[in-house]
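Undergrad: Contents are PDB, C-alpha atoms, pLDDT in the B column; file name query_20.pdb:
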```
ATOM      1  CA  MET A 792      28.370 159.892 175.403  1.00 45.00           C
ATOM      2  CA  LYS A 793      29.688 156.455 174.603  1.00 49.00           C
ATOM      3  CA  LYS A 794      27.472 154.236 172.488  1.00 50.00           C
ATOM      4  CA  GLU A 795      27.100 151.640 175.214  1.00 63.00           C
ATOM      5  CA  PHE A 796      23.415 151.300 174.432  1.00 72.00           C
ATOM      6  CA  TYR A 797      20.871 151.381 171.658  1.00 70.00           C
ATOM      7  CA  ILE A 798      17.081 151.554 171.442  1.00 77.00           C
ATOM      8  CA  LYS A 799      15.880 148.387 169.739  1.00 67.00           C
ATOM      9  CA  LYS A 800      12.169 149.121 169.264  1.00 74.00           C
ATOM     10  CA  PRO A 801      11.357 152.866 169.335  1.00 77.00           C
ATOM     11  CA  CYS A 802       7.882 153.677 170.593  1.00 82.00           C
ATOM     12  CA  GLU A 803       5.482 156.263 169.172  1.00 79.00           C
ATOM     13  CA  GLU A 804       4.894 158.291 172.332  1.00 83.00           C
ATOM     14  CA  LEU A 805       5.842 161.979 172.033  1.00 82.00           C
ATOM     15  CA  TRP A 806       8.567 163.326 174.311  1.00 83.00           C
ATOM     16  CA  ASN A 807       7.055 166.819 174.359  1.00 80.00           C
ATOM     17  CA  ASN A 808       3.754 165.434 175.668  1.00 87.00           C
ATOM     18  CA  MET A 809       5.331 163.757 178.704  1.00 91.00           C
ATOM     19  CA  LYS A 810       5.442 165.239 182.200  1.00 92.00           C
ATOM     20  CA  GLU A 811       8.771 166.673 183.366  1.00 91.00           C
ATOM     21  CA  ILE A 812      10.417 164.828 186.275  1.00 90.00           C
ATOM     22  CA  SER A 813      13.980 164.559 187.603  1.00 84.00           C
ATOM     23  CA  ASP A 814      16.479 163.279 184.967  1.00 81.00           C
ATOM     24  CA  GLY A 815      13.759 162.775 182.369  1.00 88.00           C
ATOM     25  CA  LYS A 816       9.987 162.547 181.943  1.00 92.00           C
ATOM     26  CA  PHE A 817       7.073 160.338 182.961  1.00 93.00           C
ATOM     27  CA  CYS A 818       5.219 158.338 180.302  1.00 92.00           C
ATOM     28  CA  SER A 819       1.525 158.080 181.211  1.00 90.00           C
ATOM     29  CA  PHE A 820       1.000 155.315 178.640  1.00 87.00           C
ATOM     30  CA  CYS A 821       3.669 152.964 180.055  1.00 86.00           C
ATOM     31  CA  GLN A 822       3.393 154.393 183.577  1.00 90.00           C
ATOM     32  CA  LYS A 823       7.149 154.616 183.997  1.00 89.00           C
ATOM     33  CA  LYS A 824      10.080 157.007 183.885  1.00 91.00           C
ATOM     34  CA  VAL A 825      11.854 157.780 180.611  1.00 91.00           C
ATOM     35  CA  TYR A 826      15.480 158.836 181.224  1.00 87.00           C
ATOM     36  CA  ASP A 827      16.918 161.690 179.184  1.00 86.00           C
ATOM     37  CA  LEU A 828      20.144 159.982 178.081  1.00 81.00           C
ATOM     38  CA  ASP A 829      21.315 163.145 176.300  1.00 78.00           C
ATOM     39  CA  LYS A 830      21.820 164.855 179.653  1.00 78.00           C
ATOM     40  CA  ILE A 831      23.872 162.158 181.338  1.00 75.00           C
ATOM     41  CA  PRO A 832      27.571 163.200 181.093  1.00 69.00           C
ATOM     42  CA  SER A 833      29.993 160.645 179.682  1.00 61.00           C
ATOM     43  CA  LEU A 834      31.934 160.505 182.949  1.00 56.00           C
ATOM     44  CA  GLU A 835      28.774 159.572 184.855  1.00 68.00           C
ATOM     45  CA  PHE A 836      27.401 157.101 182.336  1.00 67.00           C
ATOM     46  CA  ASP A 837      29.299 154.047 183.643  1.00 67.00           C
ATOM     47  CA  ASN A 838      27.949 154.532 187.150  1.00 72.00           C
ATOM     48  CA  PHE A 839      24.476 155.156 185.805  1.00 72.00           C
ATOM     49  CA  THR A 840      24.359 151.905 183.802  1.00 69.00           C
ATOM     50  CA  LYS A 841      25.555 149.831 186.788  1.00 71.00           C
ATOM     51  CA  ASN A 842      22.499 150.856 188.755  1.00 71.00           C
ATOM     52  CA  ASN A 843      20.027 150.960 185.848  1.00 71.00           C
ATOM     53  CA  THR A 844      20.161 147.824 183.699  1.00 69.00           C
ATOM     54  CA  GLN A 845      16.542 147.869 182.507  1.00 78.00           C
ATOM     55  CA  ILE A 846      15.278 151.331 181.658  1.00 84.00           C
ATOM     56  CA  CYS A 847      13.340 153.294 179.079  1.00 88.00           C
ATOM     57  CA  GLY A 848      15.334 156.153 177.597  1.00 86.00           C
ATOM     58  CA  LYS A 849      15.317 159.009 175.135  1.00 86.00           C
ATOM     59  CA  LYS A 850      18.163 160.015 172.832  1.00 79.00           C
ATOM     60  CA  THR A 851      18.415 162.750 170.264  1.00 74.00           C
ATOM     61  CA  SER A 852      20.120 162.190 166.935  1.00 65.00           C
ATOM     62  CA  ILE A 853      19.818 163.326 163.348  1.00 52.00           C
ATOM     63  CA  LYS A 854      17.549 162.025 160.651  1.00 47.00           C
ATOM     64  CA  PRO A 855      18.921 161.929 157.099  1.00 44.00           C
ATOM     65  CA  VAL A 856      17.262 164.453 154.785  1.00 41.00           C
ATOM     66  CA  LEU A 857      16.543 162.350 151.746  1.00 35.00           C
ATOM     67  CA  SER A 858      14.912 163.547 148.572  1.00 32.00           C
ATOM     68  CA  GLY A 859      11.334 162.520 147.971  1.00 29.00           C
ATOM     69  CA  LEU A 860      11.981 162.352 144.228  1.00 27.00           C
ATOM     70  CA  PHE A 861      11.940 158.910 142.695  1.00 23.00           C
ATOM     71  CA  LEU A 862      13.849 160.136 139.665  1.00 22.00           C
ATOM     72  CA  VAL A 863      17.545 159.314 140.008  1.00 26.00           C
ATOM     73  CA  LEU A 864      19.576 162.314 138.887  1.00 25.00           C
ATOM     74  CA  THR A 865      23.247 162.254 138.000  1.00 25.00           C
ATOM     75  CA  LEU A 866      25.405 165.183 139.077  1.00 29.00           C
ATOM     76  CA  THR A 867      25.415 166.495 135.512  1.00 28.00           C
ATOM     77  CA  SER A 868      21.667 166.508 135.096  1.00 27.00           C
ATOM     78  CA  SER A 869      21.105 167.805 138.615  1.00 31.00           C
ATOM     79  CA  THR A 870      23.250 170.919 138.194  1.00 34.00           C
ATOM     80  CA  TYR A 871      21.853 171.472 134.712  1.00 30.00           C
ATOM     81  CA  LEU A 872      18.237 171.256 135.844  1.00 33.00           C
ATOM     82  CA  HIS A 873      18.785 173.717 138.684  1.00 38.00           C
ATOM     83  CA  ALA A 874      20.595 176.127 136.393  1.00 38.00           C
ATOM     84  CA  GLN A 875      17.654 176.040 134.002  1.00 37.00           C
ATOM     85  CA  SER A 876      15.064 176.660 136.726  1.00 40.00           C
ATOM     86  CA  SER A 877      13.486 180.030 137.345  1.00 41.00           C
ATOM     87  CA  ASN A 878      15.502 180.472 140.527  1.00 46.00           C
ATOM     88  CA  LYS A 879      19.020 180.784 139.176  1.00 44.00           C
ATOM     89  CA  SER A 880      20.494 181.996 142.469  1.00 44.00           C
ATOM     90  CA  VAL A 881      20.480 178.524 144.046  1.00 43.00           C
ATOM     91  CA  THR A 882      23.208 176.939 141.954  1.00 44.00           C
ATOM     92  CA  GLU A 883      25.664 178.803 139.795  1.00 44.00           C
ATOM     93  CA  ASN A 884      28.571 177.827 137.575  1.00 44.00           C
ATOM     94  CA  THR A 885      27.294 174.798 135.661  1.00 45.00           C
ATOM     95  CA  TYR A 886      30.679 173.865 134.184  1.00 45.00           C
ATOM     96  CA  GLN A 887      31.130 171.336 136.988  1.00 58.00           C
ATOM     97  CA  LYS A 888      34.306 172.838 138.382  1.00 85.00           C
ATOM     98  CA  GLU A 889      32.933 174.838 141.271  1.00 92.00           C
ATOM     99  CA  ILE A 890      29.403 174.939 142.658  1.00 94.00           C
ATOM    100  CA  THR A 891      27.957 177.828 144.656  1.00 94.00           C
ATOM    101  CA  ILE A 892      24.939 177.444 146.896  1.00 94.00           C
ATOM    102  CA  ASN A 893      23.374 180.730 147.927  1.00 95.00           C
ATOM    103  CA  GLY A 894      21.173 179.991 150.914  1.00 94.00           C
ATOM    104  CA  LYS A 895      19.864 181.309 154.196  1.00 95.00           C
ATOM    105  CA  LEU A 896      20.051 180.065 157.788  1.00 95.00           C
ATOM    106  CA  THR A 897      16.627 180.293 159.405  1.00 92.00           C
ATOM    107  CA  THR A 898      15.269 179.851 162.927  1.00 88.00           C
ATOM    108  CA  SER A 899      11.891 178.963 164.380  1.00 75.00           C
ATOM    109  CA  GLU A 900       9.497 181.600 165.696  1.00 69.00           C
ATOM    110  CA  ASN A 901      10.620 184.038 168.410  1.00 68.00           C
ATOM    111  CA  ARG A 902      14.259 183.108 167.943  1.00 82.00           C
ATOM    112  CA  LYS A 903      16.926 185.407 166.521  1.00 89.00           C
ATOM    113  CA  LEU A 904      20.029 184.202 164.707  1.00 92.00           C
ATOM    114  CA  ILE A 905      23.089 185.848 166.250  1.00 93.00           C
ATOM    115  CA  SER A 906      25.741 184.091 164.177  1.00 95.00           C
ATOM    116  CA  GLY A 907      26.096 181.046 161.975  1.00 95.00           C
ATOM    117  CA  GLU A 908      28.619 179.136 159.881  1.00 97.00           C
ATOM    118  CA  ILE A 909      27.812 176.297 157.492  1.00 97.00           C
ATOM    119  CA  PHE A 910      30.193 173.455 156.544  1.00 97.00           C
ATOM    120  CA  LEU A 911      30.183 170.807 153.835  1.00 97.00           C
ATOM    121  CA  VAL A 912      32.154 168.014 155.515  1.00 97.00           C
ATOM    122  CA  THR A 913      34.369 165.325 153.994  1.00 96.00           C
ATOM    123  CA  LEU A 914      37.086 163.305 155.726  1.00 95.00           C
ATOM    124  CA  GLU A 915      39.827 165.097 153.787  1.00 95.00           C
ATOM    125  CA  LYS A 916      38.587 168.682 153.897  1.00 96.00           C
ATOM    126  CA  ILE A 917      35.763 170.976 154.933  1.00 96.00           C
ATOM    127  CA  TYR A 918      34.225 173.812 152.906  1.00 97.00           C
ATOM    128  CA  SER A 919      32.655 176.619 154.902  1.00 97.00           C
ATOM    129  CA  ALA A 920      30.784 179.896 154.666  1.00 97.00           C
ATOM    130  CA  LYS A 921      29.765 182.380 157.353  1.00 97.00           C
ATOM    131  CA  ALA A 922      26.264 183.817 157.359  1.00 97.00           C
ATOM    132  CA  ASP A 923      25.643 187.556 157.480  1.00 96.00           C
ATOM    133  CA  GLY A 924      23.339 189.318 159.948  1.00 91.00           C
ATOM    134  CA  SER A 925      20.286 188.167 158.010  1.00 93.00           C
ATOM    135  CA  GLY A 926      21.436 184.553 157.801  1.00 94.00           C
ATOM    136  CA  ASN A 927      22.444 184.696 154.122  1.00 96.00           C
ATOM    137  CA  PHE A 928      25.512 182.732 153.026  1.00 96.00           C
ATOM    138  CA  SER A 929      27.339 181.685 149.869  1.00 96.00           C
ATOM    139  CA  LEU A 930      28.948 178.254 150.074  1.00 96.00           C
ATOM    140  CA  LYS A 931      31.446 177.273 147.368  1.00 96.00           C
ATOM    141  CA  PHE A 932      32.953 173.850 146.756  1.00 96.00           C
ATOM    142  CA  PRO A 933      34.243 171.699 143.853  1.00 95.00           C
ATOM    143  CA  GLU A 934      31.614 169.435 142.317  1.00 94.00           C
ATOM    144  CA  LYS A 935      33.935 166.426 142.504  1.00 93.00           C
ATOM    145  CA  ILE A 936      33.586 166.178 146.292  1.00 95.00           C
ATOM    146  CA  LEU A 937      29.840 165.522 146.145  1.00 94.00           C
ATOM    147  CA  SER A 938      28.701 161.967 146.863  1.00 92.00           C
ATOM    148  CA  GLU A 939      25.401 160.134 147.097  1.00 89.00           C
ATOM    149  CA  TYR A 940      25.022 161.314 150.698  1.00 89.00           C
ATOM    150  CA  ASN A 941      26.545 164.649 151.752  1.00 94.00           C
ATOM    151  CA  ILE A 942      27.222 165.796 155.334  1.00 94.00           C
ATOM    152  CA  LEU A 943      26.262 169.374 156.156  1.00 94.00           C
ATOM    153  CA  ARG A 944      26.944 170.920 159.565  1.00 93.00           C
ATOM    154  CA  ILE A 945      25.809 174.283 160.911  1.00 94.00           C
ATOM    155  CA  ASP A 946      27.403 175.944 163.948  1.00 92.00           C
ATOM    156  CA  TYR A 947      25.121 178.672 165.251  1.00 91.00           C
ATOM    157  CA  ALA A 948      24.162 180.995 168.067  1.00 90.00           C
ATOM    158  CA  ILE A 949      20.549 182.034 168.613  1.00 89.00           C
ATOM    159  CA  SER A 950      18.724 184.104 171.216  1.00 88.00           C
ATOM    160  CA  GLU A 951      15.276 183.661 172.724  1.00 79.00           C
ATOM    161  CA  ASP A 952      13.771 185.982 175.317  1.00 79.00           C
ATOM    162  CA  GLY A 953      17.196 187.544 175.856  1.00 80.00           C
ATOM    163  CA  THR A 954      18.968 184.223 176.448  1.00 83.00           C
ATOM    164  CA  GLU A 955      21.701 183.105 174.057  1.00 86.00           C
ATOM    165  CA  PHE A 956      22.130 179.479 172.967  1.00 82.00           C
ATOM    166  CA  ASN A 957      25.098 177.996 171.084  1.00 84.00           C
ATOM    167  CA  ASP A 958      24.789 174.679 169.305  1.00 82.00           C
ATOM    168  CA  SER A 959      25.432 172.785 166.065  1.00 85.00           C
ATOM    169  CA  LYS A 960      23.251 170.827 163.666  1.00 85.00           C
ATOM    170  CA  THR A 961      24.245 168.066 161.261  1.00 86.00           C
ATOM    171  CA  SER A 962      22.171 166.842 158.316  1.00 86.00           C
ATOM    172  CA  ILE A 963      22.597 164.427 155.426  1.00 87.00           C
ATOM    173  CA  PHE A 964      21.496 165.424 151.931  1.00 90.00           C
ATOM    174  CA  LYS A 965      21.333 163.684 148.600  1.00 90.00           C
ATOM    175  CA  ILE A 966      22.802 165.758 145.770  1.00 92.00           C
ATOM    176  CA  ASP A 967      19.535 167.027 144.303  1.00 90.00           C
ATOM    177  CA  GLU A 968      18.178 167.841 147.759  1.00 90.00           C
ATOM    178  CA  LEU A 969      21.295 169.825 148.675  1.00 92.00           C
ATOM    179  CA  LEU A 970      21.510 171.771 145.443  1.00 91.00           C
ATOM    180  CA  GLY A 971      17.821 172.629 145.448  1.00 89.00           C
ATOM    181  CA  LYS A 972      17.600 173.830 149.046  1.00 89.00           C
ATOM    182  CA  GLN A 973      17.540 177.518 149.981  1.00 88.00           C
ATOM    183  CA  ASN A 974      16.480 177.736 153.620  1.00 92.00           C
ATOM    184  CA  PHE A 975      18.547 175.764 156.123  1.00 91.00           C
ATOM    185  CA  GLU A 976      16.897 175.550 159.546  1.00 88.00           C
ATOM    186  CA  VAL A 977      19.421 175.664 162.375  1.00 85.00           C
ATOM    187  CA  GLU A 978      17.369 173.990 165.105  1.00 70.00           C
ATOM    188  CA  GLU A 979      16.864 170.267 164.969  1.00 59.00           C
ATOM    189  CA  GLN A 980      15.323 167.593 167.127  1.00 56.00           C
ATOM    190  CA  TYR A 981      14.989 163.956 166.139  1.00 63.00           C
ATOM    191  CA  ILE A 982      14.063 161.941 169.206  1.00 71.00           C
ATOM    192  CA  THR A 983      14.022 158.170 169.761  1.00 77.00           C
ATOM    193  CA  ILE A 984      12.304 156.708 172.827  1.00 78.00           C
ATOM    194  CA  GLY A 985      12.140 153.088 173.935  1.00 77.00           C
ATOM    195  CA  ASP A 986      13.639 150.268 175.970  1.00 81.00           C
ATOM    196  CA  VAL A 987      17.417 150.636 176.238  1.00 79.00           C
ATOM    197  CA  ILE A 988      19.669 147.699 175.333  1.00 71.00           C
ATOM    198  CA  PHE A 989      23.145 147.986 176.885  1.00 72.00           C
ATOM    199  CA  LEU A 990      26.274 146.758 175.094  1.00 71.00           C
ATOM    200  CA  ALA A 991      28.971 144.774 176.894  1.00 70.00           C
ATOM    201  CA  HIS A 992      31.653 145.909 174.427  1.00 74.00           C
ATOM    202  CA  PRO A 993      31.051 149.384 172.974  1.00 75.00           C
ATOM    203  CA  PRO A 994      32.647 150.301 169.632  1.00 83.00           C
ATOM    204  CA  PRO A 995      35.947 152.252 169.505  1.00 90.00           C
ATOM    205  CA  ASP A 996      36.519 155.929 168.754  1.00 92.00           C
ATOM    206  CA  TYR A 997      38.171 156.894 165.457  1.00 96.00           C
ATOM    207  CA  TYR A 998      40.520 159.814 164.813  1.00 97.00           C
ATOM    208  CA  TYR A 999      41.285 161.395 161.423  1.00 97.00           C
ATOM    209  CA  PHE A1000      43.690 164.164 160.456  1.00 98.00           C
ATOM    210  CA  ASP A1001      43.168 165.588 156.946  1.00 97.00           C
ATOM    211  CA  GLY A1002      41.386 162.402 155.949  1.00 96.00           C
ATOM    212  CA  LYS A1003      44.029 160.001 157.276  1.00 96.00           C
ATOM    213  CA  ILE A1004      43.326 157.796 160.264  1.00 96.00           C
ATOM    214  CA  THR A1005      45.552 158.342 163.303  1.00 97.00           C
ATOM    215  CA  ASN A1006      45.606 157.431 166.981  1.00 97.00           C
ATOM    216  CA  LYS A1007      44.246 159.351 169.933  1.00 96.00           C
ATOM    217  CA  ARG A1008      47.628 160.456 171.263  1.00 97.00           C
ATOM    218  CA  LYS A1009      48.841 161.915 167.958  1.00 97.00           C
ATOM    219  CA  PHE A1010      45.452 163.510 167.343  1.00 98.00           C
ATOM    220  CA  LYS A1011      45.405 165.311 170.690  1.00 96.00           C
ATOM    221  CA  LYS A1012      48.998 166.437 170.270  1.00 97.00           C
ATOM    222  CA  LEU A1013      48.253 167.938 166.842  1.00 97.00           C
ATOM    223  CA  LYS A1014      45.126 169.625 168.141  1.00 96.00           C
ATOM    224  CA  GLN A1015      46.953 171.090 171.135  1.00 96.00           C
ATOM    225  CA  LYS A1016      49.873 172.450 169.098  1.00 96.00           C
ATOM    226  CA  ASN A1017      47.742 173.890 166.287  1.00 97.00           C
ATOM    227  CA  SER A1018      44.926 176.007 167.678  1.00 94.00           C
ATOM    228  CA  ASN A1019      44.134 177.261 164.169  1.00 95.00           C
ATOM    229  CA  TYR A1020      43.228 173.772 162.930  1.00 97.00           C
ATOM    230  CA  LYS A1021      39.509 173.123 162.529  1.00 96.00           C
ATOM    231  CA  TYR A1022      38.198 170.466 164.902  1.00 96.00           C
ATOM    232  CA  MET A1023      34.938 168.548 164.626  1.00 95.00           C
ATOM    233  CA  LYS A1024      33.355 165.689 166.529  1.00 92.00           C
ATOM    234  CA  PHE A1025      30.481 163.504 165.375  1.00 90.00           C
ATOM    235  CA  HIS A1026      28.678 160.882 167.424  1.00 81.00           C
ATOM    236  CA  ASP A1027      25.503 160.261 165.447  1.00 79.00           C
ATOM    237  CA  ASP A1028      25.433 156.728 163.998  1.00 77.00           C
ATOM    238  CA  VAL A1029      24.240 157.781 160.548  1.00 78.00           C
ATOM    239  CA  VAL A1030      26.796 160.567 160.042  1.00 86.00           C
ATOM    240  CA  VAL A1031      29.717 158.513 161.346  1.00 88.00           C
ATOM    241  CA  LYS A1032      28.886 155.608 159.057  1.00 86.00           C
ATOM    242  CA  LYS A1033      28.493 157.822 155.980  1.00 88.00           C
ATOM    243  CA  LEU A1034      31.798 159.603 156.571  1.00 93.00           C
ATOM    244  CA  THR A1035      33.951 156.592 157.446  1.00 92.00           C
ATOM    245  CA  GLY A1036      32.162 153.701 155.753  1.00 90.00           C
ATOM    246  CA  LYS A1037      32.505 151.832 159.053  1.00 86.00           C
ATOM    247  CA  SER A1038      29.503 150.509 160.947  1.00 79.00           C
ATOM    248  CA  PHE A1039      31.200 149.762 164.301  1.00 83.00           C
ATOM    249  CA  VAL A1040      32.335 153.220 165.416  1.00 86.00           C
ATOM    250  CA  ASN A1041      31.609 155.169 168.570  1.00 83.00           C
ATOM    251  CA  ASP A1042      32.672 158.828 168.319  1.00 88.00           C
ATOM    252  CA  LEU A1043      34.397 160.256 165.238  1.00 95.00           C
ATOM    253  CA  TYR A1044      37.027 162.980 165.730  1.00 96.00           C
ATOM    254  CA  LEU A1045      38.177 165.055 162.740  1.00 97.00           C
ATOM    255  CA  LEU A1046      40.998 167.593 162.495  1.00 97.00           C
ATOM    256  CA  TYR A1047      41.775 169.745 159.449  1.00 97.00           C
ATOM    257  CA  SER A1048      44.906 171.738 158.693  1.00 95.00           C
ATOM    258  CA  ASN A1049      43.288 173.748 155.887  1.00 78.00           C
TER
END
```
Written as structure tokens, how would this file's structure read?
TA:
Amino acid sequence: MKKEFYIKKPCEELWNNMKEISDGKFCSFCQKKVYDLDKIPSLEFDNFTKNNTQICGKKTSIKPVLSGLFLVLTLTSSTYLHAQSSNKSVTENTYQKEITINGKLTTSENRKLISGEIFLVTLEKIYSAKADGSGNFSLKFPEKILSEYNILRIDYAISEDGTEFNDSKTSIFKIDELLGKQNFEVEEQYITIGDVIFLAHPPPDYYYFDGKITNKRKFKKLKQKNSNYKYMKFHDDVVVKKLTGKSFVNDLYLLYSN
């Protein structure tokens, strides 16, 4: 969905506590409808906004996973500290050439992980690892690609009561948080609710191929001709800004040849 809106002052009411109605839920506190903006297709959004200029809405996005530690660790001290800890399986190879994170993809209760693949994402390249039947994975990457904030994406399939769901999750980790984590939950829900402010001029989309910016036409042509290239799309404000360094971006499209 295009970022033609934003929620200026999020409220504290809980989405899960609201009553289900058509196209959203009913807030008993405000006594009005809250539209589920996640479920309005991009092609229908223009028509929707013409007829609904003052609404309350809900959107789902990611929340950065930031370390609660106040101690600022450099990459050197971070890898060294983890290597010296009692759990040596988390981070291996402390010579700062290649780092290995041995972790596990986990699900909430009553859900079974069918498949999963985890990616460490940069503009220039992605580093990936597939999980086994138990969710265990081993992700390897050079230490030099780590930054203050690191983008991690998980593509997964889960089943619940015999029904299969396919989705992806994106998170942002500081270095010490990433290297010290073992269990990576696949489900995610970070919800913002409040009055919707519509934008007259939405920001543009950006397209990158192997870390180099390109235009939409060239991007689509490359993607169509090379089915083996890895394709990713990000729309969350926080992720897009961290990856590109740009604050006025709508959707970010990435294509990788390797």
Undergrad: Run the PyMOL selection byres ((chain A and resi 810) around 12) mentally over the shown coordinates, then write out the matched residues as a list in words, using the chain letters and numbers from the document.
TA: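 For this structure, the PyMOL selection byres ((chain A and resi 810) around 12) captures Leu805, Trp806, Asn807, Asn808, Met809, Glu811, Ile812, Ser813, Asp814, Gly815, Lys816, Phe817, Cys818, Ser819, Phe820, Gln822, Lys823, Lys824, Val825 and Tyr826 of chain A.
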Undergrad: Range 883-923 of chain A near range 1001-1017 of chain A within 8 Å: what's each residue's closest atom pair and its distance in Å to one decimal, counting all atoms listed in the file, ordered by chain then ascending residue number, as a Markdown table?
TA:
```
| residue | atom | partner | partner_atom | distance |
| --- | --- | --- | --- | --- |
| A:Thr913 | CA | A:Gly1002 | CA | 7.8 |
| A:Leu914 | CA | A:Gly1002 | CA | 4.4 |
| A:Glu915 | CA | A:Gly1002 | CA | 3.8 |
| A:Lys916 | CA | A:Asp1001 | CA | 6.3 |
```
Undergrad: What is the distance between CA of Ser929 in chain A and CA of Ser1048 in chain A, in Å to one decimal?
TA: 22.0 Å
Undergrad: Considering all atoms listed in the file, state which residue in the set A:Cys821, A:Cys847, A:Ile966, A:Leu1034 is at the smallest distance from Ile988 in chain A.
TA: A:Cys847
Undergrad: One decimal, Å: what's the distance from CA of Tyr947 in chain A over to CA of Ser899 in chain A, could you say?
TA: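 That distance, rounded to one decimal, is 13.3 Å.
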Undergrad: Under the PyMOL selection byres ((chain A and resi 894) around 7), which residues of this model are included? Write them out as a list in words.
TA: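 Taken over the shown coordinates, the PyMOL selection byres ((chain A and resi 894) around 7) returns Ile892, Asn893, Lys895, Leu896, Asn927, Phe928, Ser929, Gln973 and Asn974 of chain A.
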Undergrad: Kindly indicate which residue among A:Lys850, A:Thr1035, A:Asn1041, A:Ile949 lies nearest to Leu990 in chain A, using all atoms listed in the file for the distances.
TA: A:Asn1041
Undergrad: Which neighbours of Gly953 in chain A fall inside 12 Å, counting all atoms listed in the file, when residues of the same chain fewer than 3 positions from it are skipped, and could you give them as a tab-separated table (two decimals) with C-alpha atoms, in the frame of the given file?
TA:
```tsv
chain	number	residue	atom	x	y	z
A	901	ASN	CA	10.62	184.04	168.41
A	902	ARG	CA	14.26	183.11	167.94
A	903	LYS	CA	16.93	185.41	166.52
A	904	LEU	CA	20.03	184.20	164.71
A	905	ILE	CA	23.09	185.85	166.25
A	949	ILE	CA	20.55	182.03	168.61
A	950	SER	CA	18.72	184.10	171.22
A	956	PHE	CA	22.13	179.48	172.97
```
Undergrad: Counting all atoms listed in the file, figure out which residue out of A:Phe964, A:Asp952, A:Asp1042, A:Glu889 gets nearest to Val912 in chain A.
TA: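 Answer, going by the shortest atom-to-atom distance: A:Phe964.
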Undergrad: Work out how far apart CA of Ser1018 in chain A and CA of Asp923 in chain A are and give it in Å to one decimal.
TA: 24.7 Å
Undergrad: For the structure shown, which residues end up in the PyMOL selection byres ((chain A and resi 941) around 6)? Put them as JSON, numbers by chain, please?
TA: {"A": [938, 940, 942, 963, 964]}
Undergrad: Please provide as a PyMOL selection string all residues within 7 Å of Leu828 in chain A, with the sequence filter that same-chain residues fewer than 3 positions apart are discarded (counting all atoms listed in the file).
TA: chain A and resi 831+848-850
Undergrad: Contacts of Gly907 in chain A at 7 Å or less, counting all atoms listed in the file, minus same-chain residues fewer than 2 places along, as an MDAnalysis selection string?
TA: chainID A and resid 909 921:922 945:948
Undergrad: Selected residues, C-alpha atoms, written as a PDB file, keeping the file's coordinate frame, please.
TA:
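Contents of the output file result.pdb:
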```
ATOM      1  CA  ILE A 909      27.812 176.297 157.492  1.00 97.00           C
ATOM      2  CA  LYS A 921      29.765 182.380 157.353  1.00 97.00           C
ATOM      3  CA  ALA A 922      26.264 183.817 157.359  1.00 97.00           C
ATOM      4  CA  ILE A 945      25.809 174.283 160.911  1.00 94.00           C
ATOM      5  CA  ASP A 946      27.403 175.944 163.948  1.00 92.00           C
ATOM      6  CA  TYR A 947      25.121 178.672 165.251  1.00 91.00           C
ATOM      7  CA  ALA A 948      24.162 180.995 168.067  1.00 90.00           C
TER       8      ALA A 948
END
```
